[in-house]
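Visitor: My structure file coords_19.txt, compact mmCIF, C-alpha atoms, is below:
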# COMPACT_ATOMS: atom_id res chain seq x y z
CA MET K 287 10.40 23.52 -28.08
CA SER K 288 7.51 21.40 -29.33
CA GLU K 289 6.01 18.41 -27.59
CA THR K 290 7.72 15.98 -29.97
CA GLN K 291 11.22 16.91 -28.81
CA PHE K 292 11.47 15.76 -25.21
CA ILE K 293 13.31 12.43 -25.14
CA ARG K 294 15.29 10.90 -22.27
CA MET K 295 17.75 8.37 -23.66
CA ILE K 296 20.32 6.02 -22.15
CA LEU K 297 23.31 5.55 -24.45
CA VAL K 298 25.26 2.37 -23.75
CA ASP K 299 28.67 3.15 -25.17
CA ASP K 300 32.21 4.01 -24.19
CA LYS K 301 31.83 7.03 -21.87
CA ALA K 302 34.76 8.65 -23.63
CA VAL K 303 32.57 8.80 -26.73
CA THR K 304 29.70 10.47 -24.86
CA THR K 305 31.44 13.80 -24.46
CA ASP K 306 29.97 16.97 -22.99
CA LEU K 307 29.96 18.45 -26.49
CA ASP K 308 28.08 15.47 -27.85
CA ARG K 309 25.50 15.69 -25.05
CA ALA K 310 25.11 19.43 -25.68
CA GLY K 311 24.39 18.73 -29.33
CA TYR K 312 21.65 16.27 -28.46
CA ARG K 313 20.26 18.55 -25.76
CA LYS K 314 19.77 21.35 -28.28
CA MET K 315 17.44 18.98 -30.11
CA GLY K 316 15.58 18.04 -26.93
CA VAL K 317 17.31 14.72 -26.29
CA PHE K 318 18.74 14.27 -22.81
CA VAL K 319 21.50 11.64 -22.85
CA ARG K 320 22.35 9.45 -19.87
CA ALA K 321 25.57 7.48 -20.38
CA ALA K 322 26.07 3.88 -19.27
CA VAL K 323 28.67 1.20 -19.94
CA ASN K 324 26.90 -1.91 -18.62
CA TYR K 325 23.65 -3.36 -17.27
CA GLU K 326 24.24 -2.11 -13.74
CA GLU K 327 24.62 1.51 -14.80
CA THR K 328 21.65 1.20 -17.14
CA SER K 329 19.35 -0.15 -14.42
CA LYS K 330 20.49 2.53 -11.93
CA ALA K 331 19.75 5.29 -14.43
CA MET K 332 16.29 3.86 -15.11
CA ALA K 333 15.55 3.68 -11.39
CA LYS K 334 16.17 7.41 -11.04
CA GLU K 335 13.78 8.66 -13.76
CA LYS K 336 11.49 7.56 -16.54
CA ILE K 337 13.63 6.69 -19.57
CA ASP K 338 12.09 6.77 -23.04
CA LEU K 339 14.51 4.48 -24.82
CA ILE K 340 17.87 2.74 -24.67
CA VAL K 341 20.43 3.02 -27.48
CA ILE K 342 23.21 0.42 -27.49
CA ASN K 343 26.28 0.69 -29.70
CA LEU K 344 27.04 -2.81 -30.99
CA ASP K 345 30.58 -1.66 -31.83
CA PHE K 346 31.35 -0.89 -28.17
CA ALA K 347 33.65 -3.72 -27.08
CA GLY K 348 32.79 -3.23 -23.40
CA VAL K 349 29.46 -5.06 -23.66
CA ASP K 350 27.77 -7.72 -25.76
CA GLY K 351 24.98 -5.56 -27.16
CA THR K 352 22.71 -8.38 -28.26
CA ALA K 353 23.11 -10.21 -24.93
CA LEU K 354 22.36 -6.99 -23.05
CA THR K 355 19.25 -6.46 -25.18
CA ARG K 356 17.97 -9.97 -24.44
CA HIS K 357 18.58 -9.46 -20.72
CA LEU K 358 16.81 -6.08 -20.59
CA LYS K 359 13.84 -7.40 -22.55
CA SER K 360 13.55 -10.34 -20.13
CA GLN K 361 13.17 -8.01 -17.13
CA PRO K 362 9.51 -7.07 -16.47
CA GLU K 363 10.43 -3.55 -15.36
CA PHE K 364 12.41 -2.87 -18.55
CA SER K 365 10.71 -4.98 -21.21
CA ALA K 366 8.44 -2.21 -22.51
CA VAL K 367 11.27 0.31 -22.99
CA PRO K 368 12.24 0.51 -26.68
CA ILE K 369 15.81 -0.57 -27.46
CA VAL K 370 17.72 0.67 -30.50
CA LEU K 371 20.91 -1.06 -31.61
CA THR K 372 23.41 0.78 -33.79
CA SER K 373 26.52 -0.26 -35.68
CA VAL K 374 28.80 0.75 -38.52
CA ARG K 375 28.49 -2.85 -39.68
CA THR K 376 25.67 -3.01 -42.19
CA SER K 377 25.48 -6.67 -43.14
CA ALA K 378 22.17 -8.52 -43.07
CA ARG K 379 23.65 -10.84 -40.45
CA VAL K 380 24.26 -8.00 -37.99
CA ARG K 381 20.80 -6.51 -38.57
CA THR K 382 19.09 -9.89 -38.18
CA ALA K 383 21.00 -10.67 -34.97
CA ALA K 384 19.97 -7.29 -33.53
CA LEU K 385 16.28 -7.80 -34.25
CA GLU K 386 16.30 -11.42 -33.11
CA ALA K 387 17.77 -10.27 -29.79
CA GLY K 388 14.64 -8.20 -29.26
CA ALA K 389 15.73 -4.76 -30.48
CA ASP K 390 12.86 -2.54 -31.59
CA LEU K 391 15.03 -0.89 -34.23
CA PHE K 392 18.44 -1.31 -35.86
CA VAL K 393 20.13 1.84 -37.17
CA GLU K 394 23.22 1.88 -39.34
CA GLN K 395 25.88 4.40 -38.34
CA PRO K 396 27.18 6.94 -38.97
CA LEU K 397 24.04 9.00 -39.45
CA PRO K 398 23.52 12.74 -39.15
CA ARG K 399 22.30 13.39 -35.62
CA GLN K 400 19.08 15.05 -36.78
CA TYR K 401 18.16 12.08 -38.97
CA PHE K 402 18.98 9.66 -36.16
CA ILE K 403 16.74 11.59 -33.75
CA GLU K 404 13.91 11.58 -36.28
CA LYS K 405 14.10 7.78 -36.46
CA LEU K 406 13.98 7.61 -32.65
CA LYS K 407 10.93 9.89 -32.57
CA GLN K 408 9.17 7.74 -35.15
CA LEU K 409 9.79 4.66 -33.01
CA LEU K 410 8.57 6.38 -29.84
CA GLU K 411 5.48 7.73 -31.54
CA GLN K 412 4.54 4.28 -32.77
CA LYS K 413 5.13 2.77 -29.33
CA THR K 414 3.04 5.45 -27.65
CA ARG K 415 0.18 5.13 -30.10
CA ASN K 416 -0.01 1.46 -29.22
CA ASN K 417 -0.33 2.18 -25.50
CA ASP K 418 -3.56 1.45 -23.69
CA ARG K 419 -5.54 4.33 -22.24
CA ILE K 420 -8.40 5.03 -19.85
CA GLU K 421 -11.03 7.67 -20.44
CA GLY K 422 -12.65 9.79 -17.71
CA ALA K 423 -10.94 8.43 -14.59
CA GLY K 424 -11.86 11.11 -12.01
CA ASP K 425 -10.08 14.34 -11.11
CA VAL K 426 -6.41 15.25 -10.99
CA LYS K 427 -4.61 17.86 -8.88
CA CYS K 428 -1.79 19.65 -10.70
CA GLU K 429 1.03 21.58 -9.01
CA PHE K 430 3.30 23.86 -11.05
CA ASN K 431 5.22 27.09 -10.47
CA GLY K 432 3.69 27.48 -7.01
CA THR K 433 0.17 27.09 -8.43
CA GLU K 434 -2.39 24.34 -7.86
CA MET K 435 -5.45 23.46 -9.90
CA THR K 436 -7.89 20.56 -10.00
CA CYS K 437 -9.66 19.41 -13.13
CA PRO K 438 -11.15 16.23 -14.68
CA ILE K 439 -9.01 13.57 -16.30
CA SER K 440 -9.88 13.21 -19.98
CA ASP K 441 -7.40 10.52 -20.93
CA LEU K 442 -4.86 8.49 -18.94
CA SER K 443 -2.14 6.03 -19.90
CA GLN K 444 1.18 4.71 -18.65
CA SER K 445 2.89 7.42 -20.69
CA GLY K 446 0.93 10.50 -19.77
CA ILE K 447 -2.34 12.22 -19.01
CA LEU K 448 -4.70 14.62 -20.74
CA VAL K 449 -6.47 16.90 -18.27
CA ALA K 450 -9.61 18.85 -19.13
CA ALA K 451 -8.12 22.21 -18.20
CA THR K 452 -9.63 25.50 -19.35
CA ALA K 453 -6.45 27.54 -18.88
CA ALA K 454 -3.20 27.07 -20.79
CA ILE K 455 -0.03 25.88 -19.08
CA PRO K 456 3.13 26.77 -21.05
CA GLU K 457 4.69 23.83 -22.86
CA GLY K 458 7.89 22.72 -21.15
CA THR K 459 6.50 23.43 -17.66
CA ASP K 460 7.52 20.93 -14.97
CA ILE K 461 4.42 19.74 -13.17
CA VAL K 462 3.39 17.26 -10.47
CA VAL K 463 0.08 15.47 -10.87
CA GLU K 464 -1.81 13.63 -8.16
CA PHE K 465 -4.93 11.50 -8.56
CA ASP K 466 -6.70 8.58 -6.91
CA LEU K 467 -7.09 5.10 -8.34
CA PRO K 468 -10.21 3.05 -7.56
CA GLY K 469 -9.65 1.07 -4.39
CA GLY K 470 -6.34 2.78 -3.69
CA LYS K 471 -5.44 3.84 -0.16
CA LYS K 472 -3.24 6.72 -1.25
CA PRO K 473 -3.10 8.96 -4.33
CA VAL K 474 -0.70 8.42 -7.22
CA ARG K 475 1.90 11.19 -7.56
CA ILE K 476 3.92 11.64 -10.74
CA LYS K 477 6.33 14.30 -11.98
CA GLY K 478 5.52 15.31 -15.52
CA LEU K 479 6.15 17.76 -18.31
CA VAL K 480 3.52 19.81 -20.13
CA VAL K 481 3.83 18.95 -23.81
CA ARG K 482 0.70 20.32 -25.42
CA ASN K 483 -2.27 22.66 -24.99
CA LEU K 484 -5.34 21.54 -26.91
CA ARG K 485 -7.53 24.30 -28.33
CA ASN K 486 -10.91 24.68 -29.95
CA GLY K 487 -10.43 27.98 -31.69
CA ASN K 488 -9.12 30.32 -29.00
CA GLN K 489 -10.50 28.22 -26.16
CA ILE K 490 -8.29 25.80 -24.19
CA THR K 491 -9.92 22.37 -23.95
CA GLY K 492 -7.12 20.33 -22.43
CA VAL K 493 -3.48 20.07 -21.40
CA GLY K 494 -1.32 17.07 -22.33
CA ILE K 495 1.22 16.04 -19.70
CA ARG K 496 3.94 13.51 -20.36
CA PHE K 497 5.07 11.43 -17.36
CA VAL K 498 8.74 11.87 -16.45
CA GLN K 499 9.22 10.35 -12.98
CA PHE K 500 6.91 8.18 -10.90
CA ILE K 501 7.00 8.82 -7.16
CA GLY K 502 7.12 5.80 -4.87
CA ASP K 503 5.18 2.82 -6.22
CA ALA K 504 3.04 4.96 -8.53
CA GLU K 505 4.25 3.28 -11.72
CA LYS K 506 3.38 -0.26 -10.63
CA ARG K 507 -0.02 0.79 -9.27
CA LEU K 508 -0.91 2.69 -12.43
CA GLU K 509 0.27 -0.14 -14.67
CA LYS K 510 -1.86 -2.66 -12.79
CA HIS K 511 -4.95 -0.44 -12.94
CA ILE K 512 -4.58 0.29 -16.66
CA ALA K 513 -4.05 -3.39 -17.46
CA LYS K 514 -7.45 -4.15 -15.90
CA THR K 515 -9.50 -1.42 -17.51
CA ALA K 516 -7.73 0.04 -20.55
CA GLN K 517 -8.85 0.18 -24.15
CA GLY K 518 -6.51 0.51 -27.11
CA ASP K 519 -6.50 3.79 -29.03
CA ASN K 520 -4.17 6.08 -30.95
CA LYS K 521 -4.97 9.35 -29.14
CA LEU K 522 -1.80 9.24 -27.11
CA GLN K 523 0.27 10.66 -29.95
CA TYR K 524 0.13 14.09 -28.33
CA TYR K 525 2.10 12.93 -25.29
CA LEU K 526 5.25 12.99 -27.38
How does the structure come out when it is put into structure tokens?
Guide:
Amino acid sequence: MSETQFIRMILVDDKAVTTDLDRAGYRKMGVFVRAAVNYEETSKAMAKEKIDLIVINLDFAGVDGTALTRHLKSQPEFSAVPIVLTSVRTSARVRTAALEAGADLFVEQPLPRQYFIEKLKQLLEQKTRNNDRIEGAGDVKCEFNGTEMTCPISDLSQSGILVAATAAIPEGTDIVVEFDLPGGKKPVRIKGLVVRNLRNGNQITGVGIRFVQFIGDAEKRLEKHIAKTAQGDNKLQYYL
């Protein structure tokens, strides 16, 4: 599975619609679906792991999709997470209401699953390319499959990290990274996923790791540090 296929998505819809078969279909394409029917379930799911995006079905009578979007976008901890609203209603009024509520994308349904996922990937790629990054921020310790290694950080953002490794780590490997932030009293620990090995010919020059779950207060500490020192760039495309 390539690095562009790992997506963790919350689907706000009737749980009866999110069947095991439906989840299996998404999972085959690298999309891991977490079901929710309201704000409380959405926030609990996001507290457990790093979620890439939220998809809300406007045709689900159980929630007011536009109101939920406004509420999520007003919460500092959720505001940066892309929200996609979907509906079988295709009028300009519905689309405008979705975007005015703060949705990052409106998608008309029904759509073939593959096409829908491609639209989600395009949104995520654009979001990630707009992320801030930090170059050369010290060393990182990586733990995976019972192995440890330490190497320099080449590139760091809120979404992931590029380490200057000289040995390949198979894509799809679960990994834990640990590194210090300037002035910090304890290291930042984050669970991640290897998404790419960078090569110069046959030589490995780096390993791209996409962040999956922040441990403790790591996310807030990293966000604060990046906000102080980051510079905009588009190199983060390889994290997805």
Visitor: Pick the closest to Lys472 in chain K from K:Ala504, K:Ala383, K:Ala347, K:Ile403: which is it, counting all atoms listed in the file?
Guide: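 Checking each of K:Ala504, K:Ala383, K:Ala347, K:Ile403 against Lys472 in chain K, counting all atoms listed in the file, the winner is K:Ala504.
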Visitor: If you count all atoms listed in the file, which residues fall within 12 Å of range 469-471 of chain K, apart from same-chain ones fewer than 5 positions away, as a list in words?
Guide: Asp503, Ala504, Arg507, Leu508, Lys510 and His511 of chain K
Visitor: Interatomic distance between CA of Pro438 in chain K and CA of Gly424 in chain K?
Guide: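 Going from CA of Pro438 in chain K over to CA of Gly424 in chain K covers 5.8 Å.
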Visitor: Select, from K:Glu335, K:Leu410, K:Thr452, K:Arg379, the residue with the minimum atom-to-atom distance to Asn486 in chain K, counting only C-alpha atoms.
Guide: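 Checking each of K:Glu335, K:Leu410, K:Thr452, K:Arg379 against Asn486 in chain K, counting only C-alpha atoms, the winner is K:Thr452.
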Visitor: Rounded to one decimal place, report the CA of Phe346 in chain K-CA of Gln395 in chain K distance in Å.
Guide: 12.7 Å
Visitor: One decimal, in Å: what's the spacing between CA of Tyr312 in chain K and CA of Glu394 in chain K?
Guide: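 According to the coordinates, CA of Tyr312 in chain K and CA of Glu394 in chain K are separated by 18.1 Å.
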Visitor: Let me make sure I understand: among K:Leu448, K:Ala513, K:Val349, K:Leu479, which one has the smallest atom-to-atom distance to Thr491 in chain K if we use only C-alpha atoms?
Guide: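 Looking at the shortest contact to Thr491 in chain K, the residue is K:Leu448.
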Visitor: Could the centre and edge lengths of an axis-aligned box, enclosing all atoms of range 343-353 of chain K in the file with 8 Å extra on each side, be given in Å to one decimal as lines of an AutoDock Vina configuration file?
Guide:
center_x = 28.2
center_y = -4.8
center_z = -27.6
size_x = 26.9
size_y = 26.9
size_z = 24.4
Visitor: Give me the residues near range 366-377 of chain K as a list in words, where near means some atom within 8 Å (using all atoms listed in the file) and where sequence neighbours in that chain fewer than 6 positions away do not count.
Guide: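 Neighbouring residues, sequence-local ones excluded: Ile337, Asp338, Leu339, Ile340, Val341, Ile342, Asn343, Leu344, Asp345, Gly351, Thr355, Lys359, Ala384, Gly388, Ala389, Asp390, Leu391, Phe392, Val393, Glu394, Gln395, Pro396, Leu409, Leu410 and Lys413 of chain K.
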Visitor: Selected residues, C-alpha atoms, written as an mmCIF file, keeping the file's coordinate frame, please.
Guide:
data_model
loop_
_atom_site.group_PDB
_atom_site.id
_atom_site.type_symbol
_atom_site.label_atom_id
_atom_site.label_comp_id
_atom_site.auth_asym_id
_atom_site.auth_seq_id
_atom_site.Cartn_x
_atom_site.Cartn_y
_atom_site.Cartn_z
ATOM 1 C CA ILE K 337 13.630 6.690 -19.570
ATOM 2 C CA ASP K 338 12.090 6.770 -23.040
ATOM 3 C CA LEU K 339 14.510 4.480 -24.820
ATOM 4 C CA ILE K 340 17.870 2.740 -24.670
ATOM 5 C CA VAL K 341 20.430 3.020 -27.480
ATOM 6 C CA ILE K 342 23.210 0.420 -27.490
ATOM 7 C CA ASN K 343 26.280 0.690 -29.700
ATOM 8 C CA LEU K 344 27.040 -2.810 -30.990
ATOM 9 C CA ASP K 345 30.580 -1.660 -31.830
ATOM 10 C CA GLY K 351 24.980 -5.560 -27.160
ATOM 11 C CA THR K 355 19.250 -6.460 -25.180
ATOM 12 C CA LYS K 359 13.840 -7.400 -22.550
ATOM 13 C CA ALA K 384 19.970 -7.290 -33.530
ATOM 14 C CA GLY K 388 14.640 -8.200 -29.260
ATOM 15 C CA ALA K 389 15.730 -4.760 -30.480
ATOM 16 C CA ASP K 390 12.860 -2.540 -31.590
ATOM 17 C CA LEU K 391 15.030 -0.890 -34.230
ATOM 18 C CA PHE K 392 18.440 -1.310 -35.860
ATOM 19 C CA VAL K 393 20.130 1.840 -37.170
ATOM 20 C CA GLU K 394 23.220 1.880 -39.340
ATOM 21 C CA GLN K 395 25.880 4.400 -38.340
ATOM 22 C CA PRO K 396 27.180 6.940 -38.970
ATOM 23 C CA LEU K 409 9.790 4.660 -33.010
ATOM 24 C CA LEU K 410 8.570 6.380 -29.840
ATOM 25 C CA LYS K 413 5.130 2.770 -29.330
#
Visitor: Please list as a PDB file with C-alpha atoms, keeping the file's coordinate frame every residue within 10 Å of range 328-331 of chain K, counting all atoms listed in the file and excluding residues in the same chain fewer than 5 positions away.
Guide:
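Output (out.pdb):
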ATOM      1  CA  MET K 295      17.750   8.370 -23.660  1.00  0.00           C
ATOM      2  CA  ILE K 296      20.320   6.020 -22.150  1.00  0.00           C
ATOM      3  CA  LEU K 297      23.310   5.550 -24.450  1.00  0.00           C
ATOM      4  CA  VAL K 298      25.260   2.370 -23.750  1.00  0.00           C
ATOM      5  CA  ARG K 320      22.350   9.450 -19.870  1.00  0.00           C
ATOM      6  CA  ALA K 321      25.570   7.480 -20.380  1.00  0.00           C
ATOM      7  CA  ALA K 322      26.070   3.880 -19.270  1.00  0.00           C
ATOM      8  CA  VAL K 323      28.670   1.200 -19.940  1.00  0.00           C
ATOM      9  CA  LYS K 336      11.490   7.560 -16.540  1.00  0.00           C
ATOM     10  CA  ILE K 337      13.630   6.690 -19.570  1.00  0.00           C
ATOM     11  CA  ILE K 340      17.870   2.740 -24.670  1.00  0.00           C
ATOM     12  CA  LEU K 358      16.810  -6.080 -20.590  1.00  0.00           C
ATOM     13  CA  GLU K 363      10.430  -3.550 -15.360  1.00  0.00           C
ATOM     14  CA  PHE K 364      12.410  -2.870 -18.550  1.00  0.00           C
TER      15      PHE K 364
END
Visitor: Out of K:Phe465, K:Phe318, K:Tyr325, K:Phe500, which residue has the shortest atom-to-atom distance to Val426 in chain K when counting all atoms listed in the file?
Guide: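 The answer is K:Phe465, which sits nearest to Val426 in chain K.
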Visitor: I'd like to know which of K:Arg496, K:Lys514, K:Arg381, K:His357 is closest to Asp460 in chain K, using all atoms listed in the file.
Guide: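 Looking at the shortest contact to Asp460 in chain K, the residue is K:Arg496.
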Visitor: From the options K:Glu404, K:Lys334, K:Leu397, K:Ser445, which residue's atoms come nearest to Glu509 in chain K, counting all atoms listed in the file?
Guide: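 Answer, going by the shortest atom-to-atom distance: K:Ser445.
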Visitor: Quick one: residues within 9 Å of Thr436 in chain K, all atoms listed in the file counted, chain neighbours fewer than 2 positions away excluded, as a ChimeraX atom specification?
Guide: /K:425-428,434,438,451
Visitor: I'd like the neighbourhood of Gly316 in chain K as a list in words, where a residue qualifies if any of its atoms comes within 7 Å (using all atoms listed in the file), though same-chain residues fewer than 3 positions away should be ignored.
Guide: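 Here the answer would be Gln291, Phe292, Ile293, Tyr312 and Arg313 of chain K.
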Visitor: How would the residues just chosen look if you wrote them out with C-alpha atoms as a tab-separated table (two decimals), in the coordinates of the input?
Guide:
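Result saved to again_4.tsv:
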chain	number	residue	atom	x	y	z
K	291	GLN	CA	11.22	16.91	-28.81
K	292	PHE	CA	11.47	15.76	-25.21
K	293	ILE	CA	13.31	12.43	-25.14
K	312	TYR	CA	21.65	16.27	-28.46
K	313	ARG	CA	20.26	18.55	-25.76
